[in-house]
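So this one's work.txt, compact mmCIF, C-alpha atoms:
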```txt
# COMPACT_ATOMS: atom_id res chain seq x y z
CA MET A 10 78.54 173.19 52.70
CA LYS A 11 79.71 176.69 51.77
CA LYS A 12 76.26 178.10 52.56
CA PHE A 13 76.25 176.26 55.88
CA ILE A 14 79.61 177.78 56.84
CA THR A 15 78.43 181.24 55.71
CA TYR A 16 75.54 181.05 58.17
CA ALA A 17 77.32 179.01 60.87
CA ILE A 18 80.28 181.39 61.39
CA PRO A 19 78.20 184.49 62.30
CA ILE A 20 75.75 182.46 64.39
CA VAL A 21 78.54 180.75 66.35
CA THR A 22 80.40 184.06 66.76
CA LEU A 23 77.34 185.95 68.02
CA THR A 24 76.41 183.08 70.36
CA ALA A 25 79.93 183.07 71.81
CA PHE A 26 79.71 186.84 72.37
CA ILE A 27 76.32 186.52 74.08
CA LEU A 28 77.61 183.74 76.35
CA LEU A 29 80.67 185.81 77.23
CA MET A 30 78.59 188.89 78.01
CA LEU A 31 75.91 187.06 79.99
CA GLY A 32 78.15 184.40 81.54
CA GLY A 33 78.90 186.46 84.66
CA ASN A 34 76.10 184.91 86.66
CA TYR A 35 77.45 181.44 85.99
CA LEU A 36 81.15 182.35 86.20
CA LYS A 37 80.86 184.04 89.60
CA ARG A 38 79.72 180.77 91.16
CA PRO A 39 82.54 179.19 93.19
CA LEU A 40 84.24 176.20 91.57
CA ASN A 41 85.46 175.06 95.02
CA THR A 42 84.96 176.10 98.64
CA SER A 43 88.03 178.39 98.62
CA GLU A 44 86.27 180.65 96.06
CA ASN A 45 83.02 181.12 97.97
CA VAL A 46 83.02 184.87 98.69
CA VAL A 47 79.44 184.98 100.05
CA ALA A 48 79.96 182.01 102.40
CA TYR A 49 83.12 183.64 103.83
CA ALA A 50 81.27 186.94 104.21
CA LYS A 51 78.41 185.26 106.09
CA ILE A 52 80.82 183.44 108.43
CA SER A 53 82.61 186.75 108.96
CA ILE A 54 79.31 188.41 109.97
CA LYS A 55 78.82 185.72 112.64
CA HIS A 56 82.40 186.24 113.87
CA ALA A 57 82.01 190.02 113.84
CA LYS A 58 78.86 189.87 115.96
CA VAL A 59 80.79 188.05 118.71
CA GLU A 60 83.96 190.08 118.02
CA LYS A 61 86.31 187.20 117.21
CA TRP A 62 88.98 189.45 115.68
CA ASP A 63 91.60 186.72 115.17
CA MET A 64 89.15 184.61 113.19
CA LEU A 65 88.04 187.68 111.24
CA GLU A 66 91.61 188.37 110.09
CA GLN A 67 91.69 184.90 108.56
CA ASP A 68 88.18 185.43 107.13
CA VAL A 69 89.09 188.65 105.35
CA ALA A 70 92.18 186.94 103.89
CA ASN A 71 89.90 184.19 102.60
CA ILE A 72 87.45 186.74 101.11
CA ASP A 73 90.33 188.57 99.43
CA PHE A 74 91.76 185.32 98.00
CA ALA A 75 88.34 184.14 96.74
CA TRP A 76 87.53 187.54 95.20
CA LYS A 77 90.88 187.68 93.37
CA LYS A 78 90.15 184.24 91.89
CA ILE A 79 86.64 185.19 90.75
CA MET A 80 87.45 188.67 89.39
CA PRO A 81 89.39 187.66 86.22
CA ARG A 82 86.59 185.24 85.26
CA ILE A 83 83.78 187.78 85.37
CA GLN A 84 85.61 190.90 84.19
CA PHE A 85 84.09 190.77 80.67
CA SER A 86 80.52 190.34 81.89
CA VAL A 87 80.17 192.96 84.62
CA GLU A 88 80.67 196.66 85.19
CA ARG A 89 84.18 197.71 86.14
CA ASP A 90 82.82 199.93 88.94
CA GLU A 91 80.89 197.03 90.51
CA MET A 92 84.12 195.01 90.74
CA TYR A 93 85.92 198.08 92.01
CA ASN A 94 83.28 198.48 94.76
CA ILE A 95 83.91 194.95 96.09
CA SER A 96 87.70 195.48 96.02
CA LEU A 97 87.16 198.69 98.01
CA ASN A 98 84.87 196.85 100.47
CA VAL A 99 87.61 194.27 101.08
CA ALA A 100 90.23 196.98 101.61
CA ARG A 101 88.00 198.88 104.08
CA LEU A 102 87.11 195.61 105.80
CA LYS A 103 90.81 194.92 106.40
CA GLY A 104 91.11 198.34 108.03
CA SER A 105 88.04 197.99 110.21
CA ILE A 106 89.16 194.53 111.43
CA ALA A 107 92.66 195.83 112.16
CA SER A 108 91.12 198.62 114.27
CA GLU A 109 88.62 196.15 115.79
CA ASP A 110 85.68 198.38 114.79
CA LYS A 111 82.60 196.13 115.02
CA ALA A 112 80.13 198.57 113.43
CA SER A 113 82.12 199.32 110.29
CA THR A 114 83.13 195.64 109.94
CA LEU A 115 79.47 194.63 109.85
CA ILE A 116 78.65 197.46 107.45
CA GLU A 117 81.42 196.42 105.04
CA LEU A 118 80.51 192.72 105.21
CA ASN A 119 76.86 193.40 104.48
CA GLU A 120 77.87 195.73 101.67
CA ILE A 121 80.06 193.00 100.15
CA ILE A 122 77.04 190.68 100.02
CA GLU A 123 74.87 193.40 98.46
CA ASP A 124 77.58 194.35 95.92
CA TRP A 125 78.07 190.67 95.11
CA ASP A 126 74.35 190.29 94.30
CA GLU A 127 74.49 193.50 92.28
CA LEU A 128 77.42 192.24 90.12
CA THR A 129 75.33 190.47 87.49
CA ARG A 130 71.89 191.90 88.20
CA MET B 18 90.95 193.58 86.84
CA ASN B 19 92.83 194.52 83.68
CA GLU B 20 91.18 197.45 81.92
CA GLY B 21 93.29 197.06 78.78
CA LEU B 22 92.26 193.42 78.46
CA MET B 23 88.61 194.30 79.10
CA VAL B 24 88.68 196.92 76.33
CA LEU B 25 90.47 194.47 74.00
CA VAL B 26 87.84 191.74 74.48
CA ARG B 27 84.94 194.19 74.28
CA GLY B 28 86.55 195.72 71.18
CA ILE B 29 86.63 192.28 69.53
CA ILE B 30 82.97 191.77 70.45
CA GLY B 31 82.01 195.22 69.08
CA PHE B 32 84.09 194.90 65.90
CA PHE B 33 82.84 191.50 64.79
CA THR B 34 79.25 192.23 65.86
CA LEU B 35 79.30 195.37 63.75
CA LEU B 36 80.86 193.47 60.84
CA ILE B 37 78.18 190.76 60.96
CA PHE B 38 75.33 193.24 61.37
CA THR B 39 76.46 195.52 58.53
CA ARG B 40 76.70 192.44 56.28
CA ILE B 41 73.11 191.57 57.26
CA LEU B 42 71.96 195.11 56.45
CA GLY B 43 73.53 194.79 53.00
CA LYS B 44 74.96 197.21 50.52
CA GLN B 45 72.06 199.66 50.74
CA GLN B 46 73.78 201.35 53.70
CA VAL B 47 76.73 202.36 51.57
CA SER B 48 75.39 202.93 48.10
CA GLN B 49 72.04 204.59 48.82
CA LEU B 50 72.67 206.52 51.97
CA THR B 51 69.60 208.64 52.77
CA PHE B 52 69.75 211.10 55.65
CA PHE B 53 68.01 208.59 57.91
CA ASP B 54 70.44 205.79 56.94
CA TYR B 55 73.26 208.19 57.72
CA VAL B 56 71.88 208.90 61.21
CA VAL B 57 71.27 205.17 61.82
CA GLY B 58 74.86 204.41 60.75
CA ILE B 59 76.26 207.01 63.14
CA THR B 60 74.09 205.74 66.03
CA ILE B 61 75.07 202.11 65.48
CA GLY B 62 78.75 203.07 65.25
CA SER B 63 78.51 205.19 68.38
CA THR B 64 76.83 202.35 70.30
CA ALA B 65 79.57 199.94 69.22
CA SER B 66 82.14 202.46 70.38
CA SER B 67 80.48 202.74 73.82
CA LEU B 68 80.34 198.95 74.01
CA THR B 69 84.11 198.89 73.57
CA THR B 70 85.32 201.67 75.81
CA ASP B 71 82.60 202.44 78.34
CA LEU B 72 83.68 200.15 81.18
CA THR B 73 81.35 201.85 83.64
CA SER B 74 78.49 199.79 82.23
CA ARG B 75 78.20 196.16 81.17
CA ALA B 76 78.76 195.23 77.52
CA TRP B 77 75.39 193.49 77.31
CA PRO B 78 73.06 196.58 77.41
CA HIS B 79 75.14 198.23 74.66
CA TRP B 80 74.99 195.05 72.61
CA VAL B 81 71.21 194.89 73.03
CA GLY B 82 71.02 198.55 71.94
CA LEU B 83 73.11 197.72 68.89
CA ILE B 84 70.99 194.74 67.88
CA THR B 85 67.77 196.74 68.46
CA TRP B 86 68.82 199.41 65.97
CA VAL B 87 70.02 196.84 63.45
CA VAL B 88 66.85 194.73 63.70
CA LEU B 89 64.62 197.83 63.36
CA CYS B 90 66.67 198.97 60.38
CA PHE B 91 66.38 195.49 58.85
CA ILE B 92 62.60 195.41 59.41
CA LEU B 93 62.23 198.84 57.75
CA GLN B 94 64.29 197.57 54.81
CA LEU B 95 61.95 194.59 54.43
CA ILE B 96 58.86 196.82 54.68
CA THR B 97 60.17 199.25 52.04
CA LEU B 98 61.00 196.26 49.84
CA LYS B 99 57.45 194.90 50.05
CA SER B 100 55.40 198.11 50.02
CA LYS B 101 55.79 200.96 47.57
CA THR B 102 53.69 203.26 49.80
CA ALA B 103 55.87 202.50 52.81
CA GLU B 104 58.99 203.13 50.70
CA LYS B 105 57.62 206.56 49.70
CA PHE B 106 56.73 207.38 53.30
CA LEU B 107 59.97 206.11 54.87
CA ASP B 108 62.59 206.94 52.25
CA GLY B 109 60.90 209.86 50.48
CA GLU B 110 60.73 210.09 46.72
CA PRO B 111 62.69 211.73 43.92
CA THR B 112 61.64 215.29 43.13
CA ILE B 113 61.96 217.21 39.88
CA VAL B 114 63.74 220.52 40.54
CA ILE B 115 64.39 221.71 36.97
CA THR B 116 62.10 221.32 33.98
CA ASP B 117 63.20 222.58 30.58
CA GLY B 118 65.81 224.85 32.10
CA LYS B 119 63.37 226.36 34.62
CA ILE B 120 63.94 225.96 38.35
CA LEU B 121 60.91 224.70 40.30
CA GLU B 122 61.20 226.83 43.43
CA GLU B 123 58.26 225.20 45.24
CA SER B 124 59.85 221.73 45.00
CA MET B 125 63.14 223.12 46.24
CA LYS B 126 61.51 224.92 49.16
CA LYS B 127 59.71 221.70 50.16
CA PHE B 128 63.03 219.91 50.64
CA ARG B 129 64.97 222.93 51.92
CA TYR B 130 67.28 222.60 48.95
CA THR B 131 69.12 225.84 48.22
CA ILE B 132 69.99 227.37 44.88
CA GLY B 133 73.65 227.19 45.93
CA ASP B 134 73.38 223.41 46.39
CA LEU B 135 71.64 223.07 43.04
CA LEU B 136 74.22 225.10 41.12
CA ALA B 137 77.10 223.26 42.84
CA GLN B 138 75.65 219.86 41.92
CA LEU B 139 75.05 221.02 38.34
CA ARG B 140 78.66 222.15 38.06
CA ASP B 141 79.72 218.81 39.50
CA LYS B 142 77.94 217.23 36.51
CA ASP B 143 79.79 219.59 34.10
CA ILE B 144 76.74 221.77 33.50
CA PHE B 145 77.40 225.48 33.63
CA ASP B 146 74.28 226.65 31.79
CA LEU B 147 70.81 225.99 33.22
CA ALA B 148 69.34 226.19 29.73
CA ASP B 149 71.13 222.89 28.85
CA VAL B 150 69.01 220.95 31.36
CA ALA B 151 65.82 219.21 30.25
CA TYR B 152 65.15 217.65 33.65
CA ALA B 153 66.99 217.62 36.96
CA VAL B 154 65.77 215.19 39.62
CA LEU B 155 66.75 215.41 43.26
CA GLU B 156 67.12 211.78 44.33
CA LYS B 157 66.23 210.32 47.76
CA ASP B 158 69.89 210.26 48.79
CA GLY B 159 70.37 213.95 47.85
CA LYS B 160 72.15 213.30 44.55
CA LEU B 161 71.10 215.18 41.43
CA SER B 162 70.26 213.22 38.28
CA ILE B 163 70.28 215.24 35.10
CA LEU B 164 68.82 214.71 31.66
CA LYS B 165 70.32 217.16 29.18
CA LYS B 166 68.38 218.58 26.29
CA PRO B 167 68.97 216.43 23.18
CA GLU B 168 70.84 219.23 21.39
CA CYS B 169 73.28 219.49 24.31
CA GLU B 170 74.12 215.77 24.51
CA PRO B 171 77.59 214.75 23.26
CA VAL B 172 77.78 212.95 19.91
CA THR B 173 78.00 209.16 20.15
CA PRO B 174 79.22 206.60 17.56
CA LYS B 175 75.56 205.64 17.18
CA ASP B 176 74.67 209.21 16.07
CA LEU B 177 77.40 209.03 13.43
CA ASN B 178 76.46 205.48 12.36
CA ILE B 179 79.94 204.21 13.22
CA LYS B 180 80.16 200.48 13.85
CA THR B 181 81.83 199.54 17.11
CA SER B 182 82.87 196.12 18.34
CA ALA B 183 81.14 194.66 21.39
CA ALA B 184 82.70 195.65 24.71
CA SER B 185 84.09 192.80 26.79
CA ILE B 186 85.26 192.37 30.36
CA ASP B 187 88.87 191.75 31.45
CA VAL B 188 89.56 188.32 32.93
CA GLU B 189 92.52 187.75 35.26
CA ILE B 190 94.59 184.80 34.03
CA ILE B 191 97.66 185.21 36.25
CA TYR B 192 97.67 187.13 39.50
CA ASP B 193 100.72 187.50 41.74
CA GLY B 194 102.59 184.72 39.90
CA SER B 195 99.76 182.17 40.16
CA ILE B 196 97.58 180.98 37.29
CA VAL B 197 93.86 181.40 38.00
CA GLN B 198 92.57 178.06 36.66
CA GLU B 199 88.85 178.83 36.97
CA ASN B 200 89.23 181.97 34.82
CA LEU B 201 91.09 179.94 32.14
CA VAL B 202 88.07 177.61 32.02
CA THR B 203 85.76 180.64 31.70
CA ILE B 204 87.53 181.79 28.51
CA ASN B 205 87.81 178.22 27.15
CA ARG B 206 91.61 178.10 27.31
CA ASN B 207 94.08 175.90 29.16
CA GLU B 208 97.40 176.20 30.95
CA ARG B 209 99.34 175.19 27.84
CA TRP B 210 97.85 178.16 25.94
CA ILE B 211 98.95 180.68 28.57
CA MET B 212 102.44 179.11 28.86
CA ASN B 213 102.86 179.29 25.05
CA ASN B 214 101.87 182.95 25.12
CA LEU B 215 104.36 183.63 27.92
CA LYS B 216 107.18 181.86 26.03
CA LYS B 217 106.42 183.87 22.89
CA ARG B 218 107.10 187.00 24.94
CA GLY B 219 110.30 185.59 26.42
CA ILE B 220 108.81 184.73 29.83
CA ASN B 221 109.84 181.33 31.16
CA ASP B 222 107.57 181.01 34.17
CA ALA B 223 104.26 182.36 35.48
CA SER B 224 106.00 183.41 38.70
CA GLU B 225 107.64 186.27 36.74
CA VAL B 226 104.21 187.72 35.99
CA PHE B 227 102.45 190.09 38.37
CA LEU B 228 99.24 190.33 36.35
CA ALA B 229 98.04 188.78 33.08
CA ILE B 230 94.66 189.89 31.80
CA TYR B 231 92.69 188.53 28.87
CA ASN B 232 90.18 190.63 27.00
CA ALA B 233 88.25 189.12 24.09
CA LYS B 234 88.60 192.42 22.22
CA SER B 235 92.22 193.41 22.88
CA GLY B 236 93.78 190.01 23.67
CA LEU B 237 96.33 189.21 26.36
CA HIS B 238 97.99 191.94 28.43
CA ILE B 239 100.92 190.94 30.62
CA ASP B 240 102.55 192.95 33.39
CA LEU B 241 105.81 191.62 34.83
CA TYR B 242 107.38 192.14 38.24
CA LYS B 243 110.46 193.46 36.43
CA ASP B 244 109.10 196.32 34.40
CA HIS B 245 112.34 197.14 32.43
CA ILE B 246 111.60 200.86 32.46
CA LYS B 247 114.29 202.74 30.55
CA GLN B 248 116.85 204.48 32.73
CA ASN B 249 116.16 207.87 31.05
CA ASN B 250 112.49 207.68 32.04
CA LYS B 251 113.43 206.96 35.64
CA LYS B 252 115.73 210.01 35.67
CA ASN B 253 112.92 212.18 34.32
CA ILE B 254 110.59 210.99 37.07
CA LYS B 255 113.19 211.82 39.78
CA GLU B 256 113.73 215.30 38.34
```
Output the file's structure as structure tokens, nothing else.
Amino acid sequence: MKKFITYAIPIVTLTAFILLMLGGNYLKRPLNTSENVVAYAKISIKHAKVEKWDMLEQDVANIDFAWKKIMPRIQFSVERDEMYNISLNVARLKGSIASEDKASTLIELNEIIEDWDELTR
Amino acid sequence: MNEGLMVLVRGIIGFFTLLIFTRILGKQQVSQLTFFDYVVGITIGSTASSLTTDLTSRAWPHWVGLITWVVLCFILQLITLKSKTAEKFLDGEPTIVITDGKILEESMKKFRYTIGDLLAQLRDKDIFDLADVAYAVLEKDGKLSILKKPECEPVTPKDLNIKTSAASIDVEIIYDGSIVQENLVTINRNERWIMNNLKKRGINDASEVFLAIYNAKSGLHIDLYKDHIKQNNKKNIKE
């Protein structure tokens, strides 16, 4: 029993560490529809193309809410700068929607999707 | 995003990973540190440090780096354990630097070992005259082992034919007020024996004892929490 515990403790500890470090890919998946950053970004792209600015204001609020729910879960598995990039994208997106700038809104939304994929690559 | 929390969690990962890995590598790292072991130790420590504080990259690549170095180190340990040739090649071998009081300059040059280092290590071993040395061997870890000439060795009881009693190891019987039962069994005694001994010395309970040690040669030594040091001695210490 003692020998079993001697081997079990390090194995369990190292496994837990590995899961924590590699769990980002799993943890960034939305647990419900309100956490689906990519889905909101894709809808926003559709709205941006037809310049529905009222809908886009709601969309960016949804993206911000979803991102703030996901961020604490993945913070131990991803680079700080990658998370920082998405937060910056959201902030710039708010600005471009407020100024009704179609080009920069589309740029930021596409960048969010790219940064999201990059998070756990 | 809480950077402090991230560093805390990554620090826990780095700390316990390092602890587990150094236990796997064994005591060789500490007791027989060759120059290569030293470099490996620094690299592993540095990688663990980056894992903890470098938030600009993920923890995983650092952890993989850490495990790579540890696994390679472990494999080399196994190879040197199995093969004498590999041990010579990887760890080097001891070299004689003094024979019969004469310094072997060629051996020293080969290992870039200076005369200053040699004399310092000799002094460290209480040798101030080269002529006293029969052999000096520079070990793999850089330590100097010395065999003195027979006429320079100190006299031992064996030389004088003096009979000595066998040396024995101290066994802890009471530590921090608690009786160590398994050690009592080791010396074939029981709790009643230790309590009788305590009562003989005016001690009513084991909780008054900080440390009680049994030695087969010198008997029972008891140290109490209250040491009853004479007041005069205390004054002397303060002065």
Kindly determine which residues of chain B lie within 9 Å of chain A, considering all atoms listed in the file, and give the answer as a CSV table (one decimal) with C-alpha atoms, in the coordinates of the input.
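Result file iface-v2.csv:
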```csv
chain,number,residue,atom,x,y,z
B,18,MET,CA,91.0,193.6,86.8
B,19,ASN,CA,92.8,194.5,83.7
B,20,GLU,CA,91.2,197.4,81.9
B,22,LEU,CA,92.3,193.4,78.5
B,23,MET,CA,88.6,194.3,79.1
B,24,VAL,CA,88.7,196.9,76.3
B,26,VAL,CA,87.8,191.7,74.5
B,27,ARG,CA,84.9,194.2,74.3
B,30,ILE,CA,83.0,191.8,70.4
B,33,PHE,CA,82.8,191.5,64.8
B,34,THR,CA,79.2,192.2,65.9
B,37,ILE,CA,78.2,190.8,61.0
B,72,LEU,CA,83.7,200.2,81.2
B,73,THR,CA,81.4,201.8,83.6
B,74,SER,CA,78.5,199.8,82.2
B,75,ARG,CA,78.2,196.2,81.2
B,76,ALA,CA,78.8,195.2,77.5
B,77,TRP,CA,75.4,193.5,77.3
B,80,TRP,CA,75.0,195.0,72.6
```
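As for CA of Leu95 in chain B and CA of Gly43 in chain B, they are spaced 11.7 Å apart.
Picture a line from CA of Tyr16 in chain A to CA of Ser63 in chain B; it runs 26.4 Å.
Take the candidates B:Val172, B:Leu107, B:Arg206, B:Glu123 and check each one against Lys157 in chain B using all atoms listed in the file; the shortest distance goes to B:Leu107.
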- Query: Contacts of Ser162 in chain B at 10 Å or less, counting only C-alpha atoms, minus same-chain residues fewer than 6 places along, as number ranges by chain?
  - Reply: B: 111, 113, 138-139, 142, 152-156
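Pairwise distance (CA of Leu83 in chain B, CA of Leu42 in chain B) equals 12.8 Å.
Of the residues under consideration (A:Ile52, A:Asp110, A:Leu28, A:Asn45), A:Ile52 shows the shortest atom-to-atom contact distance to Met64 in chain A when counting only C-alpha atoms.
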- Item | A:Lys12, A:Trp76, A:Leu36, A:Ala112 ranked by distance to Ile95 in chain A, top pick (using all atoms listed in the file) | A:Trp76
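All residues of protein, DNA or RNA that reach within 12 Å of Ala100 in chain A, judged by only C-alpha atoms and not counting those fewer than 2 positions away in the chain, are A:Val69, A:Ala70, A:Ile72, A:Asp73, A:Trp76, A:Tyr93, A:Asn94, A:Ile95, A:Ser96, A:Leu97, A:Asn98, A:Leu102, A:Lys103, A:Gly104, A:Ser105, A:Ile106, A:Ala107, A:Thr114, A:Glu117, A:Leu118, A:Ile121.
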Okay, now the selection with C-alpha atoms, as a JSON list (two decimals), keeping the file's coordinate frame?
```
[["chain", "number", "residue", "atom", "x", "y", "z"],
["A", 69, "VAL", "CA", 89.09, 188.65, 105.35],
["A", 70, "ALA", "CA", 92.18, 186.94, 103.89],
["A", 72, "ILE", "CA", 87.45, 186.74, 101.11],
["A", 73, "ASP", "CA", 90.33, 188.57, 99.43],
["A", 76, "TRP", "CA", 87.53, 187.54, 95.20],
["A", 93, "TYR", "CA", 85.92, 198.08, 92.01],
["A", 94, "ASN", "CA", 83.28, 198.48, 94.76],
["A", 95, "ILE", "CA", 83.91, 194.95, 96.09],
["A", 96, "SER", "CA", 87.70, 195.48, 96.02],
["A", 97, "LEU", "CA", 87.16, 198.69, 98.01],
["A", 98, "ASN", "CA", 84.87, 196.85, 100.47],
["A", 102, "LEU", "CA", 87.11, 195.61, 105.80],
["A", 103, "LYS", "CA", 90.81, 194.92, 106.40],
["A", 104, "GLY", "CA", 91.11, 198.34, 108.03],
["A", 105, "SER", "CA", 88.04, 197.99, 110.21],
["A", 106, "ILE", "CA", 89.16, 194.53, 111.43],
["A", 107, "ALA", "CA", 92.66, 195.83, 112.16],
["A", 114, "THR", "CA", 83.13, 195.64, 109.94],
["A", 117, "GLU", "CA", 81.42, 196.42, 105.04],
["A", 118, "LEU", "CA", 80.51, 192.72, 105.21],
["A", 121, "ILE", "CA", 80.06, 193.00, 100.15]]
```
Which residues come within 8 Å of Val226 in chain B, counting only C-alpha atoms, excluding same-chain residues fewer than 6 positions away, as a PDB file with C-alpha atoms, keeping the file's coordinate frame?
```
ATOM      1  CA  ILE B 191      97.660 185.210  36.250  1.00  0.00           C
ATOM      2  CA  TYR B 192      97.670 187.130  39.500  1.00  0.00           C
ATOM      3  CA  ASP B 193     100.720 187.500  41.740  1.00  0.00           C
ATOM      4  CA  GLY B 194     102.590 184.720  39.900  1.00  0.00           C
ATOM      5  CA  ILE B 239     100.920 190.940  30.620  1.00  0.00           C
ATOM      6  CA  ASP B 240     102.550 192.950  33.390  1.00  0.00           C
ATOM      7  CA  LEU B 241     105.810 191.620  34.830  1.00  0.00           C
ATOM      8  CA  TYR B 242     107.380 192.140  38.240  1.00  0.00           C
TER       9      TYR B 242
END
```
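When only C-alpha atoms are used to measure the gap to Ala50 in chain A, the shortest distance among A:Leu65, A:Val21, A:Met10, A:Ile79 belongs to A:Leu65.
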- Task: Go through A:Gly33, A:Glu109, A:Lys11, A:Ile122 and flag the residue nearest Lys61 in chain A, using all atoms listed in the file for the distances.
- Result: A:Glu109
- Would you mind telling me which residue in B:Ala233, B:Ala103, B:Val87, B:Ile186 lies nearest to Thr60 in chain B when using only C-alpha atoms? B:Val87
Written coordinates, N, CA and C atoms of range 54-75 of chain A as a short mmCIF file (atom, residue, chain, number, x, y, z; two decimals), in the first residue's frame:
```
data_model
loop_
_atom_site.label_atom_id
_atom_site.label_comp_id
_atom_site.auth_asym_id
_atom_site.auth_seq_id
_atom_site.Cartn_x
_atom_site.Cartn_y
_atom_site.Cartn_z
N ILE A 54 -20.15 39.38 -38.13
CA ILE A 54 -19.61 39.61 -39.49
C ILE A 54 -20.77 39.79 -40.48
N LYS A 55 -21.79 38.92 -40.33
CA LYS A 55 -22.96 39.03 -41.22
C LYS A 55 -23.63 40.39 -41.04
N HIS A 56 -23.80 40.79 -39.76
CA HIS A 56 -24.44 42.09 -39.47
C HIS A 56 -23.60 43.25 -39.98
N ALA A 57 -22.27 43.11 -39.86
CA ALA A 57 -21.38 44.20 -40.29
C ALA A 57 -21.45 44.39 -41.80
N LYS A 58 -21.55 43.26 -42.52
CA LYS A 58 -21.59 43.35 -43.99
C LYS A 58 -22.80 44.15 -44.47
N VAL A 59 -23.93 44.02 -43.71
CA VAL A 59 -25.13 44.78 -44.12
C VAL A 59 -25.34 46.03 -43.25
N GLU A 60 -24.29 46.32 -42.45
CA GLU A 60 -24.25 47.55 -41.62
C GLU A 60 -25.44 47.68 -40.67
N LYS A 61 -25.77 46.64 -39.96
CA LYS A 61 -26.82 46.71 -38.93
C LYS A 61 -26.16 47.10 -37.61
N TRP A 62 -25.96 48.41 -37.43
CA TRP A 62 -25.15 48.89 -36.29
C TRP A 62 -25.83 48.65 -34.95
N ASP A 63 -27.15 48.72 -34.89
CA ASP A 63 -27.86 48.47 -33.63
C ASP A 63 -27.66 47.03 -33.16
N MET A 64 -27.78 46.11 -34.14
CA MET A 64 -27.59 44.69 -33.82
C MET A 64 -26.13 44.43 -33.41
N LEU A 65 -25.22 45.14 -34.09
CA LEU A 65 -23.79 44.94 -33.79
C LEU A 65 -23.42 45.38 -32.37
N GLU A 66 -24.10 46.40 -31.88
CA GLU A 66 -23.83 46.86 -30.50
C GLU A 66 -24.19 45.76 -29.51
N GLN A 67 -25.30 45.08 -29.78
CA GLN A 67 -25.71 43.96 -28.93
C GLN A 67 -24.72 42.79 -29.10
N ASP A 68 -24.28 42.58 -30.37
CA ASP A 68 -23.34 41.48 -30.65
C ASP A 68 -22.02 41.65 -29.89
N VAL A 69 -21.50 42.88 -29.93
CA VAL A 69 -20.21 43.10 -29.26
C VAL A 69 -20.34 42.94 -27.75
N ALA A 70 -21.51 43.30 -27.22
CA ALA A 70 -21.76 43.10 -25.77
C ALA A 70 -21.78 41.60 -25.46
N ASN A 71 -22.39 40.83 -26.38
CA ASN A 71 -22.42 39.37 -26.20
C ASN A 71 -21.01 38.76 -26.28
N ILE A 72 -20.21 39.26 -27.25
CA ILE A 72 -18.83 38.75 -27.39
C ILE A 72 -18.04 39.05 -26.11
N ASP A 73 -18.18 40.28 -25.63
CA ASP A 73 -17.47 40.71 -24.42
C ASP A 73 -17.87 39.84 -23.22
N PHE A 74 -19.16 39.59 -23.07
CA PHE A 74 -19.67 38.79 -21.96
C PHE A 74 -19.13 37.35 -22.05
N ALA A 75 -19.21 36.78 -23.27
CA ALA A 75 -18.75 35.39 -23.47
C ALA A 75 -17.25 35.28 -23.20
#
```
